[in-house]
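Undergrad: My structure file my_file00.tsv, TSV, C-alpha atoms (C1' of nucleotides), is below:
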```
chain	number	residue	atom	x	y	z
A	1	MET	CA	32.35	27.54	-51.39
A	2	ALA	CA	34.88	29.65	-49.58
A	3	ASN	CA	37.20	30.26	-52.50
A	4	ALA	CA	34.44	31.59	-54.73
A	5	ASN	CA	35.25	35.20	-53.96
A	6	ALA	CA	38.96	34.63	-54.28
A	7	PHE	CA	38.70	33.46	-57.89
A	8	ALA	CA	36.36	36.30	-58.80
A	9	ALA	CA	38.71	38.75	-57.10
A	10	LEU	CA	41.74	37.63	-59.08
A	11	ALA	CA	39.77	37.50	-62.32
A	12	ASP	CA	40.05	41.25	-62.77
A	13	PRO	CA	43.34	42.47	-64.33
A	14	THR	CA	43.52	45.63	-62.27
A	15	ARG	CA	42.97	43.67	-59.09
A	16	ARG	CA	45.69	41.21	-60.06
A	17	GLU	CA	48.03	44.15	-60.64
A	18	VAL	CA	47.24	45.53	-57.18
A	19	PHE	CA	47.80	42.10	-55.72
A	20	GLU	CA	51.15	41.71	-57.45
A	21	ARG	CA	52.28	45.07	-56.17
A	22	LEU	CA	51.33	44.05	-52.66
A	23	ALA	CA	53.42	40.93	-53.09
A	24	ARG	CA	56.46	43.21	-53.22
A	25	GLY	CA	55.60	44.55	-49.78
A	26	PRO	CA	52.89	46.35	-47.80
A	27	ARG	CA	51.62	49.57	-49.39
A	28	SER	CA	49.17	52.36	-48.65
A	29	VAL	CA	46.21	53.01	-50.93
A	30	GLY	CA	47.81	56.10	-52.41
A	31	GLU	CA	51.04	54.27	-53.15
A	32	LEU	CA	49.12	51.50	-54.85
A	33	ALA	CA	47.05	53.90	-56.91
A	34	GLN	CA	50.16	55.76	-58.06
A	35	GLY	CA	51.18	54.41	-61.44
A	36	LEU	CA	47.94	52.54	-62.01
A	37	PRO	CA	45.73	53.71	-64.87
A	38	VAL	CA	42.70	54.05	-62.61
A	39	SER	CA	41.67	56.52	-59.93
A	40	ARG	CA	42.37	56.13	-56.22
A	41	PRO	CA	38.74	55.41	-55.30
A	42	ALA	CA	38.79	52.62	-57.85
A	43	VAL	CA	41.78	51.12	-56.07
A	44	SER	CA	39.93	51.46	-52.77
A	45	GLN	CA	37.04	49.50	-54.20
A	46	HIS	CA	39.36	46.83	-55.53
A	47	LEU	CA	41.04	46.53	-52.16
A	48	LYS	CA	37.66	46.03	-50.56
A	49	VAL	CA	36.98	43.10	-52.86
A	50	LEU	CA	40.42	41.60	-52.21
A	51	LYS	CA	39.89	41.98	-48.49
A	52	GLU	CA	36.48	40.28	-48.54
A	53	ALA	CA	38.08	37.46	-50.50
A	54	GLY	CA	40.62	36.97	-47.72
A	55	LEU	CA	43.49	37.87	-50.04
A	56	VAL	CA	44.71	40.99	-48.21
A	57	THR	CA	44.59	42.52	-44.75
A	58	ASP	CA	44.75	46.17	-43.76
A	59	ARG	CA	45.77	48.16	-40.73
A	60	PRO	CA	45.50	51.86	-39.93
A	61	GLU	CA	48.79	53.72	-39.79
A	62	GLY	CA	48.01	57.27	-38.85
A	63	ALA	CA	45.87	58.85	-41.49
A	64	ARG	CA	46.97	56.23	-43.97
A	65	ARG	CA	45.85	52.65	-44.35
A	66	VAL	CA	48.40	50.00	-45.16
A	67	TYR	CA	47.44	46.84	-47.03
A	68	GLN	CA	49.38	43.62	-47.35
A	69	ILE	CA	48.86	40.13	-48.67
A	70	ASP	CA	47.04	37.61	-46.51
A	71	PRO	CA	48.09	34.00	-47.17
A	72	GLN	CA	44.64	32.72	-46.22
A	73	GLY	CA	42.76	33.30	-49.47
A	74	LEU	CA	45.78	32.26	-51.48
A	75	GLY	CA	45.95	29.01	-49.54
A	76	GLN	CA	42.29	28.26	-50.16
A	77	ILE	CA	42.74	28.58	-53.90
A	78	ARG	CA	45.84	26.43	-53.80
A	79	ALA	CA	43.98	23.75	-51.86
A	80	TRP	CA	41.08	23.83	-54.31
A	81	LEU	CA	43.39	23.51	-57.31
A	82	ASP	CA	45.34	20.68	-55.74
A	83	ARG	CA	42.13	18.71	-55.40
A	84	PHE	CA	41.95	18.54	-59.19
A	85	TRP	CA	45.60	18.41	-60.01
A	86	GLU	CA	46.06	14.67	-59.61
A	87	ALA	CA	42.77	13.87	-61.28
A	88	ALA	CA	43.64	16.16	-64.16
A	89	LEU	CA	47.02	14.54	-64.71
A	90	GLU	CA	45.54	11.06	-64.65
A	91	ALA	CA	42.75	11.99	-67.04
A	92	PHE	CA	45.26	13.60	-69.37
A	93	LYS	CA	47.56	10.61	-69.26
A	94	ALA	CA	44.68	8.28	-70.02
A	95	GLU	CA	43.69	10.46	-72.95
A	96	VAL	CA	47.20	10.43	-74.39
A	97	GLU	CA	47.28	6.66	-74.18
A	98	ARG	CA	43.87	6.45	-75.80
A	99	GLU	CA	45.10	8.50	-78.75
A	100	ASP	CA	48.41	6.68	-78.97
A	101	PRO	CA	48.07	3.20	-77.49
A	102	GLU	CA	51.39	2.00	-78.92
A	103	GLY	CA	53.38	4.85	-77.48
A	104	THR	CA	54.78	5.62	-80.92
A	105	ASN	CA	54.80	9.33	-80.19
A	106	PRO	CA	57.10	9.64	-77.22
B	1	MET	CA	49.60	37.21	-68.97
B	2	ALA	CA	48.73	33.71	-69.97
B	3	ASN	CA	46.70	32.77	-66.93
B	4	ALA	CA	44.41	35.77	-67.24
B	5	ASN	CA	41.71	33.80	-68.96
B	6	ALA	CA	42.05	30.91	-66.56
B	7	PHE	CA	41.20	33.01	-63.52
B	8	ALA	CA	38.29	34.65	-65.28
B	9	ALA	CA	37.08	31.25	-66.41
B	10	LEU	CA	37.04	29.79	-62.91
B	11	ALA	CA	35.48	32.92	-61.46
B	12	ASP	CA	32.04	31.90	-62.65
B	13	PRO	CA	30.21	29.42	-60.35
B	14	THR	CA	28.54	27.55	-63.19
B	15	ARG	CA	31.86	27.13	-64.95
B	16	ARG	CA	33.49	25.87	-61.75
B	17	GLU	CA	30.67	23.36	-61.43
B	18	VAL	CA	31.23	22.17	-65.00
B	19	PHE	CA	34.94	21.95	-64.29
B	20	GLU	CA	34.38	19.92	-61.12
B	21	ARG	CA	32.17	17.50	-63.00
B	22	LEU	CA	34.84	17.06	-65.62
B	23	ALA	CA	37.30	16.28	-62.85
B	24	ARG	CA	35.29	13.10	-62.22
B	25	GLY	CA	35.90	12.00	-65.78
B	26	PRO	CA	35.35	12.98	-69.43
B	27	ARG	CA	31.78	13.92	-70.31
B	28	SER	CA	29.73	14.97	-73.30
B	29	VAL	CA	28.01	18.33	-73.42
B	30	GLY	CA	24.60	16.80	-72.84
B	31	GLU	CA	25.82	14.83	-69.86
B	32	LEU	CA	27.31	17.95	-68.35
B	33	ALA	CA	24.19	20.00	-68.93
B	34	GLN	CA	22.02	17.34	-67.31
B	35	GLY	CA	21.41	18.32	-63.71
B	36	LEU	CA	22.73	21.84	-64.14
B	37	PRO	CA	20.27	24.71	-63.68
B	38	VAL	CA	21.15	26.21	-67.06
B	39	SER	CA	20.37	25.28	-70.65
B	40	ARG	CA	22.60	23.13	-72.82
B	41	PRO	CA	23.69	26.02	-75.07
B	42	ALA	CA	24.80	27.84	-71.93
B	43	VAL	CA	26.99	24.88	-71.05
B	44	SER	CA	28.38	24.93	-74.58
B	45	GLN	CA	29.35	28.57	-74.15
B	46	HIS	CA	30.95	27.86	-70.81
B	47	LEU	CA	32.95	25.02	-72.29
B	48	LYS	CA	34.18	27.36	-75.00
B	49	VAL	CA	35.52	29.74	-72.35
B	50	LEU	CA	37.14	26.90	-70.42
B	51	LYS	CA	38.71	25.64	-73.61
B	52	GLU	CA	40.14	29.03	-74.55
B	53	ALA	CA	41.57	29.26	-71.04
B	54	GLY	CA	43.40	25.99	-71.60
B	55	LEU	CA	41.47	24.29	-68.83
B	56	VAL	CA	39.73	21.64	-70.93
B	57	THR	CA	40.18	19.83	-74.21
B	58	ASP	CA	37.56	18.32	-76.48
B	59	ARG	CA	37.39	15.61	-79.08
B	60	PRO	CA	34.61	14.54	-81.43
B	61	GLU	CA	33.08	11.17	-80.72
B	62	GLY	CA	30.49	10.51	-83.38
B	63	ALA	CA	27.78	13.11	-83.16
B	64	ARG	CA	28.76	13.89	-79.63
B	65	ARG	CA	31.68	15.92	-78.33
B	66	VAL	CA	33.55	14.75	-75.27
B	67	TYR	CA	35.30	17.21	-72.98
B	68	GLN	CA	37.91	16.55	-70.35
B	69	ILE	CA	40.23	18.47	-68.09
B	70	ASP	CA	43.51	19.77	-69.50
B	71	PRO	CA	46.27	20.14	-66.90
B	72	GLN	CA	47.83	23.02	-68.81
B	73	GLY	CA	45.68	25.91	-67.59
B	74	LEU	CA	45.55	24.45	-64.11
B	75	GLY	CA	49.34	24.31	-64.03
B	76	GLN	CA	49.65	27.92	-65.12
B	77	ILE	CA	47.43	29.08	-62.27
B	78	ARG	CA	49.36	26.96	-59.81
B	79	ALA	CA	52.64	28.42	-61.02
B	80	TRP	CA	51.31	31.95	-60.73
B	81	LEU	CA	50.07	31.37	-57.20
B	82	ASP	CA	53.31	29.76	-56.12
B	83	ARG	CA	55.18	32.90	-57.17
B	84	PHE	CA	53.35	34.75	-54.40
B	85	TRP	CA	53.08	32.01	-51.85
B	86	GLU	CA	56.51	32.41	-50.28
B	87	ALA	CA	56.32	36.20	-50.40
B	88	ALA	CA	52.89	36.11	-48.82
B	89	LEU	CA	54.03	33.88	-45.98
B	90	GLU	CA	57.05	36.04	-45.27
B	91	ALA	CA	55.03	39.23	-45.32
B	92	PHE	CA	52.48	37.69	-43.03
B	93	LYS	CA	55.12	36.45	-40.61
B	94	ALA	CA	56.74	39.87	-40.51
B	95	GLU	CA	53.37	41.43	-39.80
B	96	VAL	CA	52.67	39.06	-36.91
B	97	GLU	CA	56.06	39.88	-35.41
B	98	ARG	CA	55.40	43.57	-35.87
B	99	GLU	CA	52.15	43.29	-33.92
B	100	ASP	CA	53.67	41.04	-31.26
B	101	PRO	CA	57.43	41.65	-31.06
B	102	GLU	CA	57.81	39.76	-27.74
B	103	GLY	CA	56.08	36.65	-28.95
B	104	THR	CA	53.68	36.78	-26.02
B	105	ASN	CA	50.86	35.42	-28.11
B	106	PRO	CA	52.13	32.06	-29.27
C	1	DC	C1'	16.98	8.67	-97.68
C	2	DA	C1'	14.24	10.62	-93.79
C	3	DG	C1'	13.95	11.46	-89.08
C	4	DA	C1'	16.17	11.88	-84.75
C	5	DT	C1'	20.41	13.23	-81.76
C	6	DT	C1'	23.87	16.05	-80.54
C	7	DC	C1'	26.08	20.22	-80.53
C	8	DG	C1'	27.68	25.00	-81.83
C	9	DT	C1'	26.38	29.70	-83.08
C	10	DA	C1'	23.45	33.95	-83.72
C	11	DA	C1'	20.59	37.39	-81.76
C	12	DG	C1'	18.61	39.68	-78.00
C	13	DT	C1'	17.76	40.66	-73.01
C	14	DT	C1'	19.12	41.42	-68.40
C	15	DA	C1'	22.09	41.74	-64.43
C	16	DG	C1'	26.46	42.64	-62.65
C	17	DT	C1'	30.62	45.35	-62.36
C	18	DA	C1'	34.46	48.45	-63.16
C	19	DC	C1'	34.96	53.06	-63.57
C	20	DT	C1'	34.27	58.12	-62.89
C	21	DT	C1'	33.31	62.52	-60.01
C	22	DA	C1'	31.62	64.39	-55.78
C	23	DC	C1'	31.20	64.13	-51.03
C	24	DT	C1'	32.13	62.76	-46.02
C	25	DG	C1'	35.06	61.37	-42.20
C	26	DT	C1'	39.42	61.02	-39.74
C	27	DA	C1'	44.21	61.84	-38.43
C	28	DA	C1'	48.38	64.88	-38.64
C	29	DG	C1'	50.74	69.61	-38.72
C	30	DC	C1'	50.98	74.61	-38.10
D	1	DG	C1'	40.99	75.10	-33.78
D	2	DC	C1'	41.87	75.27	-38.95
D	3	DT	C1'	43.84	73.53	-42.82
D	4	DT	C1'	45.86	69.79	-45.36
D	5	DA	C1'	46.48	64.91	-46.57
D	6	DC	C1'	44.54	60.37	-46.88
D	7	DA	C1'	40.99	57.12	-47.61
D	8	DG	C1'	36.17	55.11	-47.76
D	9	DT	C1'	31.45	55.76	-49.59
D	10	DA	C1'	27.53	57.41	-52.67
D	11	DA	C1'	25.60	58.08	-57.07
D	12	DG	C1'	25.60	57.58	-61.83
D	13	DT	C1'	27.27	55.59	-66.34
D	14	DA	C1'	29.03	52.35	-69.71
D	15	DC	C1'	30.52	47.95	-70.79
D	16	DT	C1'	30.73	43.08	-70.21
D	17	DA	C1'	28.95	38.63	-69.70
D	18	DA	C1'	25.68	35.03	-68.52
D	19	DC	C1'	21.51	33.52	-69.97
D	20	DT	C1'	17.52	32.53	-73.06
D	21	DT	C1'	15.20	30.88	-77.56
D	22	DA	C1'	15.77	29.96	-82.38
D	23	DC	C1'	18.34	28.10	-85.95
D	24	DG	C1'	21.86	25.47	-88.75
D	25	DA	C1'	25.45	21.81	-89.35
D	26	DA	C1'	27.03	17.21	-88.70
D	27	DT	C1'	26.33	12.39	-87.41
D	28	DC	C1'	23.87	8.13	-86.21
D	29	DT	C1'	19.58	5.11	-86.95
D	30	DG	C1'	15.71	2.73	-89.00
```
Once you've parsed the file, please lay out its structure as structure tokens.
TA:
Amino acid sequence: MANANAFAALADPTRREVFERLARGPRSVGELAQGLPVSRPAVSQHLKVLKEAGLVTDRPEGARRVYQIDPQGLGQIRAWLDRFWEAALEAFKAEVEREDPEGTNP
Amino acid sequence: MANANAFAALADPTRREVFERLARGPRSVGELAQGLPVSRPAVSQHLKVLKEAGLVTDRPEGARRVYQIDPQGLGQIRAWLDRFWEAALEAFKAEVEREDPEGTNP
DNA sequence: CAGATTCGTAAGTTAGTACTTACTGTAAGC
DNA sequence: GCTTACAGTAAGTACTAACTTACGAATCTG
């Protein structure tokens, strides 16, 4: 499954925080680490995971390395979720009707 | 963050498998465990995590306990992802134009 | 009522992971 | 060329979590 890594990547709070900061625009590793409660190497390791999950891309910019969000991994997760969305709504609707066949609880 | 547990819940492959089986319709714990490479108590523990994440609901049915998908947690994840979707696309588009300002690579 | 199903929980083990500090490599500035 | 800034990697540690077996509680069956 292609999205396996993407879910695992976003499961970690620190990684989600990094990802949310990148959503506000491309950042270098140092900029991302600044303000976070973890060390810069930790952020580097998190970025590696996000990159392998297809959630971010990076490019060298002099001595720095700039990361930004990659829509690819995000799109895979969205596609996976959408596969269940309709089924989930139907199952939920059926359950509601099973509990309340008369529709007395609008 | 409300969706924190939902991401962590779907990060585990076994839990995703359980979730996908539930997408095909409500099942009891025993039915879910059947065919999975883990024990029934393990499935019980996974269902507990999914339930706390708002991804499934359960109801007693005699001695058995039937689980089914709950759209709530799914919707929270979808909403979270959508917050970044537009930003991600824009950032990606800007990056492509930065790499290829003339549009020579269509 | 006794035995059989079905399921959740407790306890313990093991593997994975998120973090730290220390080190190495690479690009920029004097 | 030498120093400084930036970032990835290595090694080690501590914590979490996924799993197992064993057990207890609740319900159906004969």
Undergrad: Name all residues at most 9 Å from Leu22 of chain B (count all atoms listed in the file; drop same-chain ones fewer than 3 positions away) and give them as a count of residues only.
TA: 12
Undergrad: State, in Å with one decimal place, the distance from atom CA of Asp70 of chain A to atom CA of Ala94 of chain B.
TA: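 Separating atom CA of Asp70 of chain A from atom CA of Ala94 of chain B is a distance of 11.6 Å.
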Undergrad: With all atoms listed in the file as the basis for distance, which of B:Gln34, B:Thr14, B:Asn5, B:Ser28 is at the shortest distance from chain D?
TA: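 Of B:Gln34, B:Thr14, B:Asn5, B:Ser28, the one nearest chain D, counting all atoms listed in the file, is B:Thr14.
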Undergrad: Could you list, as a list in words, every residue of chain D that has an atom within 12 Å of an atom of chain A, counting only C-alpha atoms (C1' of nucleotides)?
TA: DT4, DA5, DC6, DA7, DG8, DT9 and DA10 of chain D
Undergrad: Where does chain A meet chain B within 8 Å, residue by residue, with the nearest atom pair and distance in Å to one decimal for each, counting only C-alpha atoms, listed by chain and rising number, as CSV?
TA:
```
residue,atom,partner,partner_atom,distance
A:Ala4,CA,B:Ala11,CA,6.9
A:Asn5,CA,B:Ala11,CA,7.8
A:Phe7,CA,B:Ala11,CA,4.8
A:Ala8,CA,B:Ala11,CA,4.4
A:Ala9,CA,B:Ala11,CA,8.0
A:Leu10,CA,B:Phe7,CA,6.4
A:Ala11,CA,B:Ala8,CA,4.4
A:Asp12,CA,B:Ala8,CA,7.3
A:Pro13,CA,B:Ala4,CA,7.4
A:Glu20,CA,B:Phe84,CA,7.9
A:Ala23,CA,B:Ala87,CA,6.2
A:Arg24,CA,B:Ala87,CA,7.6
A:Gly25,CA,B:Ala91,CA,7.0
A:Pro26,CA,B:Ala91,CA,7.8
A:Gln68,CA,B:Ala91,CA,7.4
A:Ile69,CA,B:Ala88,CA,5.7
A:Asp70,CA,B:Phe92,CA,6.5
A:Pro71,CA,B:Ala88,CA,5.5
A:Leu74,CA,B:Leu81,CA,7.2
A:Arg78,CA,B:Arg78,CA,7.0
A:Leu81,CA,B:Leu74,CA,7.2
A:Phe84,CA,B:Ala23,CA,6.3
A:Trp85,CA,B:Pro71,CA,7.1
A:Ala87,CA,B:Ala23,CA,6.2
A:Ala88,CA,B:Pro71,CA,5.5
A:Leu89,CA,B:Pro71,CA,6.1
A:Ala91,CA,B:Gly25,CA,7.0
A:Phe92,CA,B:Asp70,CA,6.4
```
Undergrad: Per residue of chain C within 10 Å of chain B, which atom pair is closest and at what distance in Å (one decimal), using all atoms listed in the file, listed by chain and increasing number, as JSON lines?
TA:
```
{"residue": "C:DT5", "atom": "C1'", "partner": "B:Ala63", "partner_atom": "CA", "distance": 7.5}
{"residue": "C:DT6", "atom": "C1'", "partner": "B:Arg64", "partner_atom": "CA", "distance": 5.4}
{"residue": "C:DC7", "atom": "C1'", "partner": "B:Arg64", "partner_atom": "CA", "distance": 6.9}
{"residue": "C:DG8", "atom": "C1'", "partner": "B:Ser44", "partner_atom": "CA", "distance": 7.3}
{"residue": "C:DT9", "atom": "C1'", "partner": "B:Pro41", "partner_atom": "CA", "distance": 9.2}
```
Undergrad: What does the distance from atom CA of Gly54 of chain B to atom C1' of DT14 of chain C come to in Å, to one decimal?
TA: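 One can read the atom CA of Gly54 of chain B to atom C1' of DT14 of chain C distance as 28.9 Å.
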Undergrad: Which residues are close to DT13 of chain D, i.e. within 12 Å by all atoms listed in the file, leaving aside same-chain residues fewer than 6 positions away? Reply as a list in words.
TA: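 Here the answer would be DT17, DA18, DC19, DT20 and DT21 of chain C.
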Undergrad: For C-alpha atoms (C1' of nucleotides), I'd like the residues from the last selection saved as a PDB file, in the frame of the given file.
TA:
```
ATOM      1  C1'  DT C  17      30.620  45.350 -62.360  1.00  0.00           C
ATOM      2  C1'  DA C  18      34.460  48.450 -63.160  1.00  0.00           C
ATOM      3  C1'  DC C  19      34.960  53.060 -63.570  1.00  0.00           C
ATOM      4  C1'  DT C  20      34.270  58.120 -62.890  1.00  0.00           C
ATOM      5  C1'  DT C  21      33.310  62.520 -60.010  1.00  0.00           C
TER       6       DT C  21
END
```
Undergrad: For a cutoff of 9 Å around the file-coordinate point (22.6, 13.0, -89.4), which residues qualify once you count all atoms listed in the file? I'd like the result as a PDB file with C-alpha atoms (C1' of nucleotides), in the coordinates of the input.
TA:
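Listing of selection.pdb after writing:
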```pdb
ATOM      1  CA  ALA B  63      27.780  13.110 -83.160  1.00  0.00           C
TER       2      ALA B  63
ATOM      3  C1'  DG C   3      13.950  11.460 -89.080  1.00  0.00           C
ATOM      4  C1'  DA C   4      16.170  11.880 -84.750  1.00  0.00           C
ATOM      5  C1'  DT C   5      20.410  13.230 -81.760  1.00  0.00           C
TER       6       DT C   5
ATOM      7  C1'  DA D  26      27.030  17.210 -88.700  1.00  0.00           C
ATOM      8  C1'  DT D  27      26.330  12.390 -87.410  1.00  0.00           C
ATOM      9  C1'  DC D  28      23.870   8.130 -86.210  1.00  0.00           C
ATOM     10  C1'  DT D  29      19.580   5.110 -86.950  1.00  0.00           C
TER      11       DT D  29
END
```
Undergrad: Using only C-alpha atoms, can you tell me which of B:Glu31, B:Trp80, B:Val38, B:Gly73 comes closest to Lys51 of chain B?
TA: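 Smallest separation from Lys51 of chain B among the options: B:Gly73.
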Undergrad: Please give the centre and size of the box around segment 36-51 of chain A (axis-aligned, containing every atom listed in the file, 8 Å added per side), with values in Å to one decimal and written as lines of an AutoDock Vina configuration file.
TA:
```
center_x = 42.5
center_y = 49.1
center_z = -56.7
size_x = 27.0
size_y = 30.9
size_z = 32.4
```
Undergrad: Could you please determine the separation between atom C1' of DA22 of chain D and atom C1' of DA11 of chain C in Å, to one decimal place?
TA: 8.9 Å
